[in-house]
$ cat entry.csv   # CSV, C-alpha atoms and all ligand atoms
chain,number,residue,atom,x,y,z
D,139,MET,CA,11.9,-40.2,15.9
D,140,ASP,CA,12.5,-39.4,12.3
D,141,HIS,CA,15.3,-41.3,10.6
D,142,ARG,CA,17.0,-39.5,7.8
D,143,LYS,CA,20.2,-41.2,6.8
D,144,PRO,CA,23.0,-38.6,6.8
D,145,LEU,CA,24.5,-37.6,3.5
D,146,ILE,CA,28.0,-36.2,3.2
D,147,ALA,CA,28.6,-34.7,-0.2
D,148,GLY,CA,31.8,-33.4,-1.8
D,149,ASN,CA,31.7,-30.7,-4.4
D,150,TRP,CA,35.0,-30.7,-6.2
D,151,LYS,CA,34.2,-27.5,-8.1
D,152,MET,CA,36.6,-26.7,-11.0
D,153,PHE,CA,39.4,-28.9,-9.5
D,154,LYS,CA,41.1,-32.1,-10.8
D,155,THR,CA,41.8,-33.4,-14.3
D,156,GLY,CA,40.5,-36.9,-15.2
D,157,PRO,CA,43.6,-38.7,-13.8
D,158,GLU,CA,43.7,-36.6,-10.7
D,159,ALA,CA,40.0,-37.2,-10.0
D,160,LEU,CA,40.5,-41.0,-10.5
D,161,GLU,CA,43.4,-41.0,-8.1
D,162,THR,CA,41.4,-39.1,-5.5
D,163,ALA,CA,38.4,-41.3,-5.8
D,164,ASP,CA,40.5,-44.4,-5.6
D,165,ARG,CA,42.1,-43.3,-2.4
D,166,LEU,CA,38.7,-42.3,-1.0
D,167,VAL,CA,37.2,-45.7,-1.7
D,168,LYS,CA,40.1,-47.3,0.1
D,169,LEU,CA,39.7,-45.0,3.1
D,170,LEU,CA,36.0,-45.4,3.6
D,171,SER,CA,34.8,-48.5,5.5
D,172,THR,CA,31.9,-50.4,4.0
D,173,THR,CA,29.9,-50.5,7.2
D,174,MET,CA,29.2,-46.8,7.6
D,175,ASP,CA,25.6,-45.7,8.1
D,176,VAL,CA,26.1,-42.6,6.0
D,177,ASP,CA,25.4,-41.9,2.3
D,178,VAL,CA,28.4,-40.4,0.5
D,179,MET,CA,28.4,-38.5,-2.8
D,180,ILE,CA,31.2,-36.9,-4.7
D,181,ALA,CA,30.8,-34.4,-7.5
D,182,PRO,CA,33.8,-34.2,-9.8
D,183,PRO,CA,33.9,-31.9,-12.8
D,184,PHE,CA,32.0,-33.1,-15.9
D,185,THR,CA,35.2,-34.3,-17.7
D,186,ALA,CA,35.9,-36.8,-14.9
D,187,LEU,CA,32.4,-38.2,-14.4
D,188,ALA,CA,32.5,-41.2,-16.6
D,189,LEU,CA,36.0,-42.2,-15.5
D,190,VAL,CA,35.1,-41.9,-11.8
D,191,SER,CA,31.8,-43.7,-12.3
D,192,ASP,CA,33.5,-46.9,-13.4
D,193,LEU,CA,35.7,-46.8,-10.3
D,194,LEU,CA,32.7,-46.2,-7.9
D,195,LYS,CA,30.6,-49.0,-9.4
D,196,LYS,CA,31.1,-51.6,-6.7
D,197,THR,CA,31.4,-49.1,-3.9
D,198,ARG,CA,28.9,-47.3,-1.6
D,199,ILE,CA,30.0,-43.9,-2.9
D,200,SER,CA,27.6,-42.2,-5.3
D,201,LEU,CA,28.4,-39.9,-8.1
D,202,GLY,CA,27.0,-36.5,-8.6
D,203,ALA,CA,27.3,-33.7,-11.1
D,204,GLN,CA,27.7,-30.0,-10.2
D,205,ASN,CA,25.2,-28.7,-12.7
D,206,LEU,CA,22.9,-29.6,-15.6
D,207,PHE,CA,20.8,-27.9,-18.3
D,208,TRP,CA,17.1,-28.4,-18.4
D,209,GLU,CA,16.5,-29.2,-22.0
D,210,ALA,CA,16.6,-32.9,-23.1
D,211,GLU,CA,18.9,-32.2,-26.1
D,212,GLY,CA,19.4,-29.6,-28.8
D,213,ALA,CA,21.6,-26.8,-30.1
D,214,TYR,CA,22.8,-25.6,-26.7
D,215,THR,CA,26.6,-25.4,-27.1
D,216,GLY,CA,28.5,-26.2,-24.0
D,217,GLU,CA,25.5,-27.6,-22.0
D,218,ILE,CA,24.9,-31.1,-20.5
D,219,SER,CA,21.5,-32.7,-20.1
D,220,ALA,CA,20.1,-34.8,-17.3
D,221,SER,CA,20.1,-38.0,-19.4
D,222,MET,CA,23.8,-37.4,-20.3
D,223,LEU,CA,24.5,-37.3,-16.6
D,224,VAL,CA,22.6,-40.4,-15.9
D,225,SER,CA,24.4,-42.2,-18.7
D,226,ALA,CA,27.7,-41.0,-17.2
D,227,GLY,CA,26.8,-42.8,-14.0
D,228,CYS,CA,25.4,-39.9,-11.9
D,229,ARG,CA,22.8,-40.4,-9.2
D,230,TYR,CA,22.8,-36.8,-7.9
D,231,VAL,CA,23.1,-33.3,-9.3
D,232,ILE,CA,23.8,-30.1,-7.5
D,233,VAL,CA,21.5,-27.3,-8.5
D,234,GLY,CA,21.6,-23.6,-7.9
D,235,HIS,CA,25.0,-23.5,-6.1
D,236,SER,CA,25.7,-19.9,-5.0
D,237,GLU,CA,28.7,-19.7,-7.3
D,238,ARG,CA,26.4,-20.5,-10.3
D,239,ARG,CA,23.9,-17.9,-9.1
D,240,GLN,CA,26.7,-15.4,-8.6
D,241,TYR,CA,28.9,-15.9,-11.7
D,242,PHE,CA,26.7,-17.7,-14.2
D,243,GLY,CA,23.4,-15.9,-14.0
D,244,GLU,CA,21.4,-18.7,-12.4
D,245,THR,CA,18.1,-17.5,-11.0
D,246,ASP,CA,15.3,-19.1,-8.9
D,247,GLU,CA,13.5,-19.7,-12.2
D,248,THR,CA,16.4,-21.6,-13.8
D,249,VAL,CA,16.9,-23.5,-10.6
D,250,ASN,CA,13.2,-24.6,-10.9
D,251,GLN,CA,13.6,-25.8,-14.5
D,252,LYS,CA,16.8,-27.7,-13.6
D,253,ILE,CA,15.2,-29.4,-10.7
D,254,LYS,CA,12.3,-30.4,-13.0
D,255,ALA,CA,14.8,-31.9,-15.5
D,256,ALA,CA,16.6,-33.7,-12.7
D,257,VAL,CA,13.5,-35.4,-11.1
D,258,THR,CA,12.1,-36.3,-14.5
D,259,ASN,CA,15.3,-38.2,-15.2
D,260,ASP,CA,15.5,-39.8,-11.7
D,261,LEU,CA,18.5,-37.8,-10.7
D,262,ILE,CA,18.4,-36.6,-7.1
D,263,PRO,CA,18.6,-32.8,-7.0
D,264,VAL,CA,20.7,-31.2,-4.3
D,265,MET,CA,19.1,-27.7,-4.3
D,266,CYS,CA,21.4,-25.0,-2.8
D,267,VAL,CA,19.9,-22.0,-1.0
D,268,GLY,CA,21.6,-19.4,1.2
D,269,GLU,CA,21.8,-15.7,2.0
D,270,SER,CA,24.8,-13.3,1.4
D,271,GLU,CA,26.6,-11.5,4.1
D,272,THR,CA,24.8,-8.2,3.4
D,273,GLU,CA,21.4,-10.0,3.4
D,274,ARG,CA,22.2,-11.5,6.8
D,275,GLU,CA,23.4,-8.2,8.2
D,276,SER,CA,20.2,-6.5,7.0
D,277,LYS,CA,18.1,-9.3,8.6
D,278,GLU,CA,16.8,-10.6,5.3
D,279,THR,CA,18.0,-14.2,5.7
D,280,PHE,CA,14.6,-15.7,6.1
D,281,SER,CA,12.9,-13.6,3.4
D,282,VAL,CA,15.7,-14.5,0.9
D,283,LEU,CA,15.4,-18.2,1.8
D,284,ASP,CA,11.6,-18.0,1.5
D,285,ARG,CA,11.9,-16.6,-2.0
D,286,GLN,CA,14.5,-19.1,-3.1
D,287,VAL,CA,12.5,-22.0,-1.9
D,288,GLN,CA,9.1,-20.8,-3.1
D,289,LYS,CA,10.3,-20.0,-6.6
D,290,GLY,CA,12.8,-22.8,-6.9
D,291,LEU,CA,10.2,-25.4,-5.9
D,292,LYS,CA,7.2,-23.7,-7.6
D,293,GLY,CA,4.7,-26.1,-9.2
D,294,PHE,CA,6.1,-29.4,-7.9
D,295,SER,CA,3.9,-32.1,-6.3
D,296,ALA,CA,5.0,-33.8,-3.1
D,297,ASP,CA,5.6,-37.0,-5.2
D,298,GLU,CA,8.1,-35.2,-7.4
D,299,MET,CA,9.9,-34.0,-4.3
D,300,GLU,CA,10.4,-37.4,-2.7
D,301,THR,CA,14.1,-37.6,-3.3
D,302,LEU,CA,14.9,-33.8,-3.0
D,303,VAL,CA,17.9,-32.9,-0.9
D,304,MET,CA,18.3,-29.3,0.2
D,305,ALA,CA,21.6,-27.6,1.1
D,306,TYR,CA,21.7,-24.5,3.2
D,307,GLU,CA,24.9,-22.7,2.2
D,308,PRO,CA,25.2,-19.2,3.6
D,309,VAL,CA,27.3,-17.4,0.9
D,310,TRP,CA,29.4,-15.7,3.6
D,311,ALA,CA,30.5,-19.1,4.9
D,312,ILE,CA,31.6,-20.7,1.5
D,313,GLY,CA,35.3,-20.9,1.1
D,314,THR,CA,35.9,-18.2,3.8
D,315,GLY,CA,36.7,-20.3,6.8
D,316,LYS,CA,33.7,-18.7,8.6
D,317,THR,CA,31.2,-21.4,9.5
D,318,ALA,CA,27.8,-20.7,10.7
D,319,THR,CA,27.6,-21.9,14.3
D,320,ALA,CA,25.6,-25.1,14.8
D,321,ASP,CA,22.8,-23.0,16.4
D,322,GLN,CA,22.7,-20.5,13.5
D,323,ALA,CA,22.5,-23.4,11.0
D,324,GLN,CA,19.9,-25.3,13.1
D,325,GLU,CA,17.7,-22.2,13.2
D,326,VAL,CA,17.7,-21.9,9.4
D,327,HIS,CA,17.3,-25.7,8.9
D,328,LEU,CA,14.2,-25.7,11.1
D,329,PHE,CA,12.8,-22.7,9.1
D,330,LEU,CA,13.4,-24.6,5.8
D,331,ARG,CA,11.8,-27.7,7.1
D,332,GLU,CA,8.8,-25.8,8.3
D,333,MET,CA,8.5,-24.2,4.8
D,334,LEU,CA,8.7,-27.7,3.2
D,335,GLU,CA,6.0,-28.9,5.6
D,336,LYS,CA,3.7,-26.1,4.6
D,337,LYS,CA,4.3,-26.8,0.9
D,338,PHE,CA,4.4,-30.6,0.8
D,339,GLY,CA,3.1,-31.9,4.1
D,340,ASN,CA,4.5,-33.3,7.3
D,341,ASN,CA,5.6,-36.7,6.0
D,342,LEU,CA,7.7,-35.4,3.2
D,343,ALA,CA,9.2,-32.5,5.2
D,344,LYS,CA,10.3,-35.1,7.8
D,345,SER,CA,12.0,-37.2,5.2
D,346,ILE,CA,13.8,-34.5,3.2
D,347,ARG,CA,17.5,-34.2,4.0
D,348,ILE,CA,18.8,-30.7,4.6
D,349,LEU,CA,22.5,-30.4,4.4
D,350,TYR,CA,24.7,-27.6,5.7
D,351,GLY,CA,27.5,-26.2,3.6
D,352,GLY,CA,30.1,-23.6,4.1
D,353,SER,CA,33.6,-24.2,5.5
D,354,VAL,CA,32.7,-27.6,6.9
D,355,LYS,CA,35.8,-29.3,8.3
D,356,SER,CA,36.6,-32.3,10.3
D,357,ASP,CA,36.7,-30.2,13.5
D,358,ASN,CA,33.2,-28.7,13.1
D,359,ILE,CA,31.2,-31.6,11.5
D,360,THR,CA,30.5,-33.4,14.8
D,361,GLU,CA,28.9,-30.4,16.4
D,362,LEU,CA,26.8,-29.6,13.3
D,363,MET,CA,25.6,-33.2,13.1
D,364,THR,CA,24.3,-33.1,16.7
D,365,MET,CA,21.6,-30.7,15.6
D,366,PRO,CA,18.2,-32.2,15.0
D,367,ASP,CA,17.6,-30.7,11.5
D,368,ILE,CA,21.1,-31.0,10.1
D,369,ASP,CA,21.2,-34.2,8.0
D,370,GLY,CA,24.6,-34.0,6.5
D,371,ALA,CA,27.0,-31.6,4.8
D,372,LEU,CA,28.0,-30.3,1.4
D,373,ILE,CA,31.7,-29.8,1.4
D,374,GLY,CA,33.9,-27.9,-1.0
D,375,GLY,CA,37.5,-27.3,-0.1
D,376,ALA,CA,37.8,-30.0,2.5
D,377,SER,CA,36.5,-32.7,0.0
D,378,LEU,CA,39.4,-32.4,-2.3
D,379,GLU,CA,41.8,-34.3,-0.1
D,380,PRO,CA,40.7,-37.9,0.5
D,381,GLU,CA,42.1,-38.2,4.0
D,382,THR,CA,40.4,-35.0,5.2
D,383,PHE,CA,37.1,-35.9,3.5
D,384,SER,CA,37.1,-39.4,4.9
D,385,LYS,CA,37.5,-38.0,8.4
D,386,ILE,CA,34.5,-35.8,7.8
D,387,VAL,CA,32.5,-38.7,6.5
D,388,GLN,CA,33.3,-40.7,9.7
D,389,PHE,CA,32.6,-37.6,11.8
D,390,GLN,CA,36.2,-37.8,13.2
D,391,LYS,CA,38.2,-34.9,14.4
D,401,LIG,P1,33.5,-24.9,1.2
D,401,LIG,O1,32.4,-24.9,0.0
D,401,LIG,O2,33.3,-26.2,1.9
D,401,LIG,O3,34.8,-24.8,0.5
D,401,LIG,O4,33.2,-23.7,2.0
D,401,LIG,C1,31.1,-25.4,0.2
D,401,LIG,C2,30.4,-25.4,-1.1
D,401,LIG,O5,30.6,-24.5,-1.9
D,401,LIG,O6,29.5,-26.3,-1.4

$ encode --input "entry.csv" --output "structure tokens"
Amino acid sequence: MDHRKPLIAGNWKMFKTGPEALETADRLVKLLSTTMDVDVMIAPPFTALALVSDLLKKTRISLGAQNLFWEAEGAYTGEISASMLVSAGCRYVIVGHSERRQYFGETDETVNQKIKAAVTNDLIPVMCVGESETERESKETFSVLDRQVQKGLKGFSADEMETLVMAYEPVWAIGTGKTATADQAQEVHLFLREMLEKKFGNNLAKSIRILYGGSVKSDNITELMTMPDIDGALIGGASLEPETFSKIVQFQK
């Protein structure tokens, strides 16, 4: 039986100032028991990372960023490098979120470069993939995912992919209240794991955590987590409120 420790990750998107983020993180720390057998990550906006990092230091909650740029440094106004994230206390970084692909021109090629920068700097990449509603309706789900994974992970060795986390986030389920059913998600997760197996071998494919994301709430997390290939969740809206998020982390209704 494979053992992949579940990961529940909160993506705060463009919400919360520094003080608001601190307050939320502080409440979350108090709500989460220290004995849980789940990894927890929160990804506040850049401006709150260093502040929240201090607060999380002696806790079991890890810090993640929502994005990065692939160059190490240089004249790239407005961008943040992997080493800057590490020095701000980050352990994870979300890469290729559909909102970045949709509004900020991210492509499978830029996702590839960002994952490279993340792994080179010992940041754990959380690579997001997922089809749009039109793509699902026209039965292109698997071909879209195939392209995103092939191009996004092009050129990596199995060693470089050791810490990779993948997040399946159907675009039609993000922030819409429409969740994929547990069976729909499982079908895709299995497909992704089989792709990872072909690319990187059985051992690695078995150890990579594949999260589901898209309108995850405390009343659907338990069913999703019963599926053999769903290893956790990436949560947007429901991660902003510590009481709600802590229920999800503890798989409570
Ligand atoms: P949601 O967002 O939980 O608000 O649907 C998920 C995500 O964008 O990661």

$ closest_residue --input "entry.csv" --among "D:Gly290, D:Gly212, D:Gly339, D:Gly351" --to "D:Asn149" --atoms "only C-alpha atoms"
D:Gly351

$ closest_residue --input "entry.csv" --among "D:Ala256, D:Val309, D:Leu194, D:Ala213" --to "ligand LIG 401 (chain D)" --atoms "only C-alpha atoms and all ligand atoms"
D:Val309

$ residues_near_ligand --input "entry.csv" --ligand "ligand LIG 401 (chain D)" --cutoff "8 Å" --atoms "only C-alpha atoms and all ligand atoms" --output "list in words"
Gly148, Asn149, Lys151, His235, Ser236, Glu237, Glu307, Ala311, Ile312, Gly313, Thr314, Gly315, Gly351, Gly352, Ser353, Val354, Lys355, Leu372, Ile373, Gly374, Gly375, Ala376 and Ser377 of chain D

$ closest_residue --input "entry.csv" --among "D:Met265, D:Thr360, D:Pro157, D:Asp164" --to "D:Pro380" --atoms "only C-alpha atoms"
D:Asp164

$ residues_around --input "entry.csv" --residues "D:Ala210" --least-positions-apart "5" --cutoff "8 Å" --atoms "only C-alpha atoms" --output "ChimeraX atom specification"
/D:219-221,255

$ residues_around --input "entry.csv" --residues "D:Ile253" --least-positions-apart "5" --cutoff "12 Å" --atoms "all atoms listed in the file" --output "ChimeraX atom specification"
/D:205-209,219-220,230-234,246-248,258-266,287,289-294,298-299,301-304

$ residues_around --input "entry.csv" --residues "stretch 144-147 of chain D" --least-positions-apart "5" --cutoff "8 Å" --atoms "only C-alpha atoms" --output "ChimeraX atom specification"
/D:175-181,347,349,369-373,386-387

$ closest_residue --input "entry.csv" --among "D:Leu187, D:Ala318, D:Leu160, D:Leu283" --to "D:Tyr350" --atoms "all atoms listed in the file"
D:Ala318

$ closest_residue --input "entry.csv" --among "D:Gly243, D:Gln286, D:Thr155, D:Thr382" --to "D:Asp357" --atoms "only C-alpha atoms"
D:Thr382

$ atom_distance --input "entry.csv" --atom1 "atom CA of D:Pro308" --atom2 "atom CA of D:Glu332"
18.3 Å

$ atom_distance --input "entry.csv" --atom1 "atom CA of D:Ala296" --atom2 "atom CA of D:Leu334"
9.5 Å

$ atom_distance --input "entry.csv" --atom1 "atom CA of D:Ile368" --atom2 "atom CA of D:Glu278"
21.4 Å

$ residues_near_point --input "entry.csv" --point "(23.1, -29.6, 14.5)" --cutoff "10 Å" --atoms "only C-alpha atoms" --output "PyMOL selection string"
chain D and resi 319-325+327+350+359-370

$ write_last_selection --input "entry.csv" --atoms "C-alpha atoms" --output "compact mmCIF listing (two decimals), in the frame of the given file"
# COMPACT_ATOMS: atom_id res chain seq x y z
CA THR D 319 27.60 -21.90 14.30
CA ALA D 320 25.60 -25.10 14.80
CA ASP D 321 22.80 -23.00 16.40
CA GLN D 322 22.70 -20.50 13.50
CA ALA D 323 22.50 -23.40 11.00
CA GLN D 324 19.90 -25.30 13.10
CA GLU D 325 17.70 -22.20 13.20
CA HIS D 327 17.30 -25.70 8.90
CA TYR D 350 24.70 -27.60 5.70
CA ILE D 359 31.20 -31.60 11.50
CA THR D 360 30.50 -33.40 14.80
CA GLU D 361 28.90 -30.40 16.40
CA LEU D 362 26.80 -29.60 13.30
CA MET D 363 25.60 -33.20 13.10
CA THR D 364 24.30 -33.10 16.70
CA MET D 365 21.60 -30.70 15.60
CA PRO D 366 18.20 -32.20 15.00
CA ASP D 367 17.60 -30.70 11.50
CA ILE D 368 21.10 -31.00 10.10
CA ASP D 369 21.20 -34.20 8.00
CA GLY D 370 24.60 -34.00 6.50
